[in-house]
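Just below is one structure, and these are the notes that go with it.
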There are 4 protein chains.
Amino acid sequence: MTLWGGRFSGKLDPQAWALNASLGFDRRLALQDVRGSLAWAQALEKAGVLIQAESMQICTGLETIQGEFEHQEFTYKESDEDIHTAVERRLGELIGPAAGKLHTGRSRNDQVATDLRLWLLDSILNLDLALLGLQGVLVERAEADLNILLPGYTHLQRAQPILLGHWWLSHFWPLQRDRERLQQLRGRTASLPLGSGALAGTTFPVDRQALAAELGFSQPSANSLDAVSDRDFVAEFLFCAALAGSHLSKLSEQVVLFSSAEFGFFELSDAFSTGSSLMPQKKNPDIFELARSKAGTLLGYLTGLMTTLKGLPSAYDKDLQEDKVPVFAAYDTLMAILPVLAAALQTMTVHPERMRAAIDPGMLATDLADYLVQKGLPFRQAHVLAGQAVQMAGKLGKPLDTLSLPEFQSLSALINTDVYSVFDPQQSVARRNVPGGTALEAVKMQLQDAKRKIQNV
Amino acid sequence: MTLWGGRFSGKLDPQAWALNASLGFDRRLALQDVRGSLAWAQALEKAGVLIQAESMQICTGLETIQGEFEHQEFTYKESDEDIHTAVERRLGELIGPAAGKLHTGRSRNDQVATDLRLWLLDSILNLDLALLGLQGVLVERAEADLNILLPGYTHLQRAQPILLGHWWLSHFWPLQRDRERLQQLRGRTASLPLGSGALAGTTFPVDRQALAAELGFSQPSANSLDAVSDRDFVAEFLFCAALAGSHLSKLSEQVVLFSSAEFGFFELSDAFSTGSSLMPQKKNPDIFELARSKAGTLLGYLTGLMTTLKGLPSAYDKDLQEDKVPVFAAYDTLMAILPVLAAALQTMTVHPERMRAAIDPGMLATDLADYLVQKGLPFRQAHVLAGQAVQMAGKLGKPLDTLSLPEFQSLSALINTDVYSVFDPQQSVARRNVPGGTALEAVKMQLQDAKRKIQNV
Amino acid sequence: MTLWGGRFSGKLDPQAWALNASLGFDRRLALQDVRGSLAWAQALEKAGVLIQAESMQICTGLETIQGEFEHQEFTYKESDEDIHTAVERRLGELIGPAAGKLHTGRSRNDQVATDLRLWLLDSILNLDLALLGLQGVLVERAEADLNILLPGYTHLQRAQPILLGHWWLSHFWPLQRDRERLQQLRGRTASLPLGSGALAGTTFPVDRQALAAELGFSQPSANSLDAVSDRDFVAEFLFCAALAGSHLSKLSEQVVLFSSAEFGFFELSDAFSTGSSLMPQKKNPDIFELARSKAGTLLGYLTGLMTTLKGLPSAYDKDLQEDKVPVFAAYDTLMAILPVLAAALQTMTVHPERMRAAIDPGMLATDLADYLVQKGLPFRQAHVLAGQAVQMAGKLGKPLDTLSLPEFQSLSALINTDVYSVFDPQQSVARRNVPGGTALEAVKMQLQDAKRKIQNV
Amino acid sequence: MTLWGGRFSGKLDPQAWALNASLGFDRRLALQDVRGSLAWAQALEKAGVLIQAESMQICTGLETIQGEFEHQEFTYKESDEDIHTAVERRLGELIGPAAGKLHTGRSRNDQVATDLRLWLLDSILNLDLALLGLQGVLVERAEADLNILLPGYTHLQRAQPILLGHWWLSHFWPLQRDRERLQQLRGRTASLPLGSGALAGTTFPVDRQALAAELGFSQPSANSLDAVSDRDFVAEFLFCAALAGSHLSKLSEQVVLFSSAEFGFFELSDAFSTGSSLMPQKKNPDIFELARSKAGTLLGYLTGLMTTLKGLPSAYDKDLQEDKVPVFAAYDTLMAILPVLAAALQTMTVHPERMRAAIDPGMLATDLADYLVQKGLPFRQAHVLAGQAVQMAGKLGKPLDTLSLPEFQSLSALINTDVYSVFDPQQSVARRNVPGGTALEAVKMQLQDAKRKIQNV
């Protein structure tokens, strides 16, 4: 069944039908489609287009269909072109010709845009919960591992000692931004296309404001041409998903690194690692590699859709049908990764002794420079001197903190016996006591902030 | 000059230097770099790291440099690795060794992130004005062309008559969303990295809250590791730019179409069209084609950066240096297109008679179906009957509105002489009188809304 | 069942299992997996690892499995991690412990790379046939519509008259390049990874050269580390698919344009167009819009995979599992579009009278300039004069070819009565008689070339 | 100066001019433009359009211009719209009105396509040399480091011992595929557009075959509409560049990893590493990080162009002007990275002792399984037993190769004292003696193959 055809004498070619039909993916909008139709039927009644009896009949039929969807009892037919057609076809089977009144003043153009927005309004909430779940684990781990020392890296070179609690929280804030972006997108998504007809607005005096409120939107769309073609909310969702994916790829990369034998900081639980079909000794961080790889796939969804949108000529073009597959896929991808990452991080073992052992005295060279600054040297000179100390230690083949006092003093007379206190990483960390710094006190405050972000949800 | 090197015995290879140096593009951050350094010097003074005399000396030097940048009198040296190095080198020339105190407690990692955020905070405001400029022209044109009829299209097929004022405004709202997104991004950009050091926070008791306020940020960043590596604001800006580009590509595509001989709705002014080196008669809409094509280029910037960000291993990796070229290029692209499009649209001639002539009676078939609905027929049947009327007219080789009454009645006895009133496009438009619809009254209200969006800026 | 686990005490978490398992998509490699295993079993026998009885037992079992796949009688189990595991599990059910000998000296790393290459070697041939099918229709149409005049466009402005046969063939050659690219990619795909083990090569003296020949590869891979991680062939396939998609998007855009009421050159058959749920008169080119939109989706697959590949750290990383979904999706997309486009073009009606009517005399301005060149004027001046003639005609409100002789001569004394012969579009076309030009003679030769390209396949 | 304008009464708006003008980037095609014009002038003479004196005058003028470009003495004017205009303007200054005859029968559409193809034909050769340069270093290093043992990784977990020579060569072959792809692209690029005019072919009897030969093309293009719009060669070049970038990103990632303190396998020379403005001890692999990041940027160029190409409507649209910036940028990017990487790898120190130390006995577990296979156990069981041995060693807290014989025999009675010989990594490597395997003998043969690939260039 199609919702058109009066003017056509031939039938659509079967292969063209297969290409054109969207039921394979838009069936996912079944419940949203029914919800939108229920509201539309009531709006038509209020507008005097349907009498109460018709509206009630239609709504009863739609509720039956809703139940069928909820209980997976709805039977699709080969001939259903899309979810809208399937619902209207079934409504006709249930209530007869009155079903033909439901589509009055409405087009699939405004209908599908409404369905997809409804779906996204719900789905953003689910995704927010999944992100929150991972944030919760990061906070838990930050609290549990708060005061463990580990080397911090830049350029993958050992840079300065940090606290593991600080490291965990460094992965919390990107997710917080993701949630903020999604929340703002949700606001933009809550603009109701229904009532825009095919492109020019409906001819029936429907109260679009009330319709918006009924369906949980904040307002009706401002321009019907824009309303049926606007896929900004799809593009923006795919961007948010891709950027979240990027954050997860960075977290994953670091976990993969820290789980290698060479770093040895982390050890995945058996429940979240896999083996090799050939090499019996292997314990692989597949979960994190997959999470890393999905950042690519998610970016592909975004790029694909935005390319599709480029230069479209009309108010509605069929090209827009290409919007649903990526949006569902992006959502499913994140919903599959997030809880697994959360559980994997929760059950991971950390090896503080390996982390501590990886903090070599050279990492305190900045502290040596700062020490010289405290003694009155301009930082730039202090930096040079500290660099020379590193070089001297390297040439002598001994750790920086074992240079003798004369050796130190050969570089600068400002250096005294108190220099050796510089090389305690615990002290080094404690000195970075500014908001956002790695000092224990600062991280504790950061942790409180983080907790506040996830508590009032 | 480099800001490092104490531990190195060799010099950087010249080709490696060329690859590594970023002065070619980060010089664009010159004023932001100075601004950040001025605030940093004062913060160091308040923190007791500099005495007042030093701070004043440094600030006076920086102001001189600021003046040199503003008057294009700053001389770069071959040996300047990046803008930060150039400024510090010049400061040393101006004030001597005290210059070496400026970098105390700071790293280029937090410095460059601060500079780029400062730049973006300014640039978003400029871009907002440019978008506003185009919106203003769209509103002007909507007002001037308010009541002109033209065919509305879906699938590039004639669909329903609309008002030209409505069409102009359909391109207003996407830009409004662009501005809203940029505004929200601006909020997220206003988180200050300075004070995060290389990765772990600064060891000097700098008041980051005050520093943020001083530089126009809303708060200091929450986590130093995140602060130096976070490029979300760059990715989000590139996304906003790419989506704005997508909107402009759609507008441009429609202008290109409507300027073709076949449509003939629009005629570009000579000042905004170009000719052919071979074909003397050509008048080409190059401007709009270029705007359309830039949607691709802008998407490329986004894709490129997000690919670069995938799976980075550390708090700061040099990969992040790749962030600046696309962000500048995206900004410049939009700033080049927007005013030209605005002026081109402003000076464009419209041909109402061509538009009116393109409204064929078949476009009123929905109105015929609605007429039958008014007569009591379910829409689905009404749609079939109207489709049959279209087919009948086609077979008889005459326009839909010239079917005789008996011909109409052969399809449905519900049709009466009043059917002919259906085929007035002015009436058709007037019937779509819901918020967001194309009726004159509705478009007038929409126009008021649009004006409000651009007035309080 | 997994092919690993000896060292693990816990079981994989169910959600992690779901994320990790690839059977949902790699089952598509079932027949290739069996084919590879058959060859491997024989190679193991030749290498003395299996005795003949074992090899025969294994091969008989594999052939049974092959039959089960071919007749859709193979039963997957929840516990099958991937297609390789499923096959080995089933083999064990069929032949007992000897099945455990099949994986000797092999890893899933070299196995899956082999399977996917086998699949692509076949699939490129299928895709070539589908491209050939569309090329065949283009050639047919070019022959049938050979001598029909239509306006050629640049910048979507009428430029010069061309032959419809020439236009059809302009869409033939891009597909020819697609086929050439795919053919060359096929050569690169035919490098056999099997025998590379997990990463370092197999320890058993397998004859890889013979194995390659047996499986239809041209040679064994040169380096085992590269062999298990190389996904160039996947990226290159996705690029070829995306570029083919780009070609189809351009063809589709032009068909959509030419099928609009304003152009009116083409009319789709009912079997390849669709209607509107709201507007009874609509006849939409959905098929071509979908083809156009898929260019975006196909590009997304390429971008996604290439982002996933960026910066992978090892010989084999699990990230590579993300390769299969896009490669299958890209193939299916093209295989769905190509035959539909072919059939739609084949059944399309063309309207030569509309095309002829759209050739306005201004399109002959280049010919007027060429006429002046023939009279001895430098082209640059001739171009200016012809432009002035166009302007004069515009001001006088009459077609270029109706300027009076005195009017023409007011521009140049070189113009004589023979100027009017310039304005015959048929003559204009005939004058472009160089190889690749639009003259009938040249197009006929081009058609012969095109036919040769598709005949010897 | 523009090459058009006869029909225009107004002048182009200055901002529109700036957007439209391409001289900023297409000046890079200066020499190609002159070369193409020289050939065109001669072709026009042979076709009888120019007399010999005119042709000679034009060619002499063009040669003067060529010299000016070569010696950077050419003066551009503000008013030059693009490189073609600049050359024709200058020609006019040099030889007077005869310059106006050069553009006879030619359009900028076929001219610029010819110029860009000429540029690419040259540039591919340069890029090939740069790739060859890096291949040469890889071969050198492979030879020098041939027999050094290092751990091979999959999933960034230690997998099996390999030879460093083998590892170096694993980065050779991807570049070989890049060169092969570029070579094939070069073949496709060598199709000459010149003679296609604006879209329909030239009206003058130019010998396109001879013209192609003269300019180093293999044949004239087959269809003029296709010839002026075909940018496949650009897209394909950007793909080749992006894939090469992907290869370099993988190599770079591994070098960054191996240069970390935790791996400690590689040490960059001072000439190819950089320091930190804050941390005196740092020695950063910036060069490799930049190379890794450029993979993103290069992919962005590809995505951008392909999005621009999507759905273009005409034979030539101005959108195509967007092709040049990315193609130049992609080329420059690779040409900047390749020699630096080559030199950095050449001057890098390797630490065999660190590599050897990282080979733990667990990496020989596959060899233990293979040992059991040799004893007659099916591999699947052998794999399980070896896994249990790994687990037992883990529980006992000792290396796998220090399990006592009774401990081994508790797992399988097949194990005997000869089991200890399994754990020699040198032997393990030697056992992988198949083509492409890591055995010394196999790597030596591979090295010979690699040398052959780079010798006959």
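Chain labels follow the order of the structure tokens: the first chain is A, the next B, and so on; residue numbering restarts at 1 in every chain, and ligands are counted from 1 in their shown order.
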
Would you kindly return, as a compact mmCIF listing (two decimals) with N, CA and C atoms, in the first residue's frame, each protein, DNA or RNA residue with an atom no farther than 10 Å from any atom of Thr333 (chain A), considering only C-alpha atoms and excluding same-chain residues fewer than 6 positions away?
# COMPACT_ATOMS: atom_id res chain seq x y z
N ALA A 241 27.61 13.11 18.89
CA ALA A 241 27.98 11.71 19.02
C ALA A 241 29.44 11.50 18.59
N GLY A 245 32.46 10.35 20.82
CA GLY A 245 33.28 9.23 20.37
C GLY A 245 34.76 9.58 20.42
N ALA A 291 36.14 0.70 21.13
CA ALA A 291 35.65 2.04 21.47
C ALA A 291 36.46 3.09 20.71
N LYS A 294 35.43 3.20 17.02
CA LYS A 294 34.09 3.72 16.73
C LYS A 294 34.12 5.24 16.54
N ALA A 295 35.15 5.89 17.07
CA ALA A 295 35.27 7.33 16.84
C ALA A 295 35.31 7.61 15.34
N THR A 297 34.00 5.57 12.93
CA THR A 297 32.68 5.23 12.39
C THR A 297 31.68 6.35 12.67
N LEU A 298 31.72 6.88 13.88
CA LEU A 298 30.79 7.96 14.23
C LEU A 298 31.06 9.22 13.40
N VAL A 327 21.52 8.29 12.25
CA VAL A 327 21.17 8.78 13.57
C VAL A 327 20.90 7.59 14.50
N LEU C 19 29.37 -6.38 22.21
CA LEU C 19 30.16 -5.35 21.53
C LEU C 19 31.27 -5.98 20.70

### Task
Would you list the contacts of region 173-190 of chain B as a list in words, taking every protein, DNA or RNA residue within 7 Å and counting only C-alpha atoms, but skipping same-chain residues closer than 3 positions in sequence?
Arg117, Leu121, Ile124, Asp128, Leu131, Leu169, Ser170, Phe217, Ser218, Gln219, Phe233, Cys240, Ala244 and His247 of chain B

Write a file of the selected residues as a PDB file, in the first residue's frame, keeping C-alpha atoms.
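Below you can see selection_19.pdb, which holds the result:
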ATOM      1  CA  ARG B 117      40.075  30.737  23.046  1.00  0.00           C
ATOM      2  CA  LEU B 121      35.613  34.634  21.791  1.00  0.00           C
ATOM      3  CA  ILE B 124      32.366  34.484  17.201  1.00  0.00           C
ATOM      4  CA  ASP B 128      27.547  36.707  14.528  1.00  0.00           C
ATOM      5  CA  LEU B 131      25.307  36.277   9.953  1.00  0.00           C
ATOM      6  CA  LEU B 169      12.308  33.789   5.576  1.00  0.00           C
ATOM      7  CA  SER B 170      12.828  30.048   5.136  1.00  0.00           C
ATOM      8  CA  PHE B 217      36.377  34.241  30.699  1.00  0.00           C
ATOM      9  CA  SER B 218      33.543  32.986  32.864  1.00  0.00           C
ATOM     10  CA  GLN B 219      35.604  30.570  34.940  1.00  0.00           C
ATOM     11  CA  PHE B 233      35.714  24.292  21.202  1.00  0.00           C
ATOM     12  CA  CYS B 240      28.997  25.315  13.425  1.00  0.00           C
ATOM     13  CA  ALA B 244      26.251  27.329   8.391  1.00  0.00           C
ATOM     14  CA  HIS B 247      22.660  26.408   4.930  1.00  0.00           C
TER      15      HIS B 247
END

Residues of chain B within 6 Å of chain D, counting only C-alpha atoms, what are they? List them as an mmCIF file with C-alpha atoms, in the first residue's frame.
data_model
loop_
_atom_site.group_PDB
_atom_site.id
_atom_site.type_symbol
_atom_site.label_atom_id
_atom_site.label_comp_id
_atom_site.auth_asym_id
_atom_site.auth_seq_id
_atom_site.Cartn_x
_atom_site.Cartn_y
_atom_site.Cartn_z
ATOM 1 C CA LEU B 3 62.086 28.497 24.600
ATOM 2 C CA TRP B 4 63.891 25.247 25.307
ATOM 3 C CA GLY B 10 72.497 19.421 18.629
ATOM 4 C CA LYS B 11 70.328 21.887 16.756
ATOM 5 C CA LEU B 12 67.064 21.098 15.051
ATOM 6 C CA ASP B 13 67.417 20.104 11.410
ATOM 7 C CA ALA B 16 62.341 19.670 10.686
ATOM 8 C CA SER B 107 53.694 26.604 29.655
ATOM 9 C CA ASP B 270 25.933 42.853 -12.908
ATOM 10 C CA ALA B 271 27.914 43.656 -9.781
ATOM 11 C CA PHE B 272 27.391 40.113 -8.554
ATOM 12 C CA GLY B 275 30.922 36.258 -17.626
ATOM 13 C CA SER B 276 32.625 33.641 -19.735
ATOM 14 C CA SER B 277 36.001 33.871 -21.426
ATOM 15 C CA LEU B 278 34.491 32.089 -24.414
ATOM 16 C CA ASP B 286 29.657 32.346 -9.727
ATOM 17 C CA GLU B 289 28.330 28.536 -6.888
ATOM 18 C CA LEU B 290 31.366 29.414 -4.802
ATOM 19 C CA SER B 293 31.159 24.761 -3.000
ATOM 20 C CA GLY B 296 32.407 21.056 1.078
ATOM 21 C CA THR B 297 35.583 22.824 2.038
ATOM 22 C CA LEU B 299 33.128 20.140 6.072
ATOM 23 C CA GLY B 300 36.649 19.096 5.155
ATOM 24 C CA TYR B 301 38.068 21.283 7.909
ATOM 25 C CA THR B 303 36.563 16.106 9.271
ATOM 26 C CA GLY B 304 40.263 16.810 9.178
ATOM 27 C CA THR B 307 40.397 12.756 12.534
ATOM 28 C CA THR B 308 43.489 14.393 13.953
ATOM 29 C CA LYS B 318 51.933 18.099 19.207
ATOM 30 C CA ASP B 319 49.136 16.887 16.950
ATOM 31 C CA VAL B 340 28.912 39.056 -0.622
#

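Contact shell of Leu372 (chain D) at 12 Å (only C-alpha atoms; same-chain neighbours under 4 positions omitted): Lys101 and Thr104 of chain C; Ala365, Thr366, Asp367, Leu368, Gly376, Leu377, Pro378, Phe379, Arg380, Gln381, Ala382, His383, Val384, Leu385, Ala386, Phe408, Gln409, Leu411, Ser412, Ala413, Leu414, Ile415, Asn416, Asp418, Val419 and Val422 of chain D.
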
Selection export as a compact mmCIF listing (two decimals), in the first residue's frame, atoms kept: C-alpha atoms:
# COMPACT_ATOMS: atom_id res chain seq x y z
CA LYS C 101 43.92 -29.43 13.78
CA THR C 104 47.37 -25.07 13.13
CA ALA D 365 53.38 -19.55 24.22
CA THR D 366 52.44 -20.03 20.59
CA ASP D 367 55.69 -21.88 20.13
CA LEU D 368 54.78 -24.05 23.10
CA GLY D 376 50.71 -34.88 17.80
CA LEU D 377 48.14 -32.86 19.69
CA PRO D 378 45.47 -31.05 17.67
CA PHE D 379 46.26 -27.35 17.69
CA ARG D 380 43.04 -26.40 19.43
CA GLN D 381 43.97 -28.58 22.46
CA ALA D 382 47.56 -27.47 22.28
CA HIS D 383 46.39 -23.87 22.44
CA VAL D 384 44.31 -24.58 25.54
CA LEU D 385 47.21 -26.35 27.25
CA ALA D 386 49.64 -23.56 26.45
CA PHE D 408 54.62 -28.81 32.59
CA GLN D 409 53.81 -32.49 32.68
CA LEU D 411 49.34 -30.22 31.99
CA SER D 412 50.33 -32.79 29.41
CA ALA D 413 52.32 -35.95 29.42
CA LEU D 414 53.52 -35.10 25.93
CA ILE D 415 55.83 -32.47 27.31
CA ASN D 416 59.42 -33.45 27.76
CA ASP D 418 63.09 -30.65 25.04
CA VAL D 419 60.34 -28.19 25.85
CA VAL D 422 61.09 -23.70 22.74

### Query
Can you tell me, as a ChimeraX atom specification, what residues are no more than 7 Å from region 439-456 of chain A when counting only C-alpha atoms, ignoring any on the same chain fewer than 3 positions away?
/A:132,147,166,429-436 /B:222

### Message
Just list as a count of residues only whatever in region 21-54 of chain C DSSP marks as alpha helix (DSSP H).
### Response
24
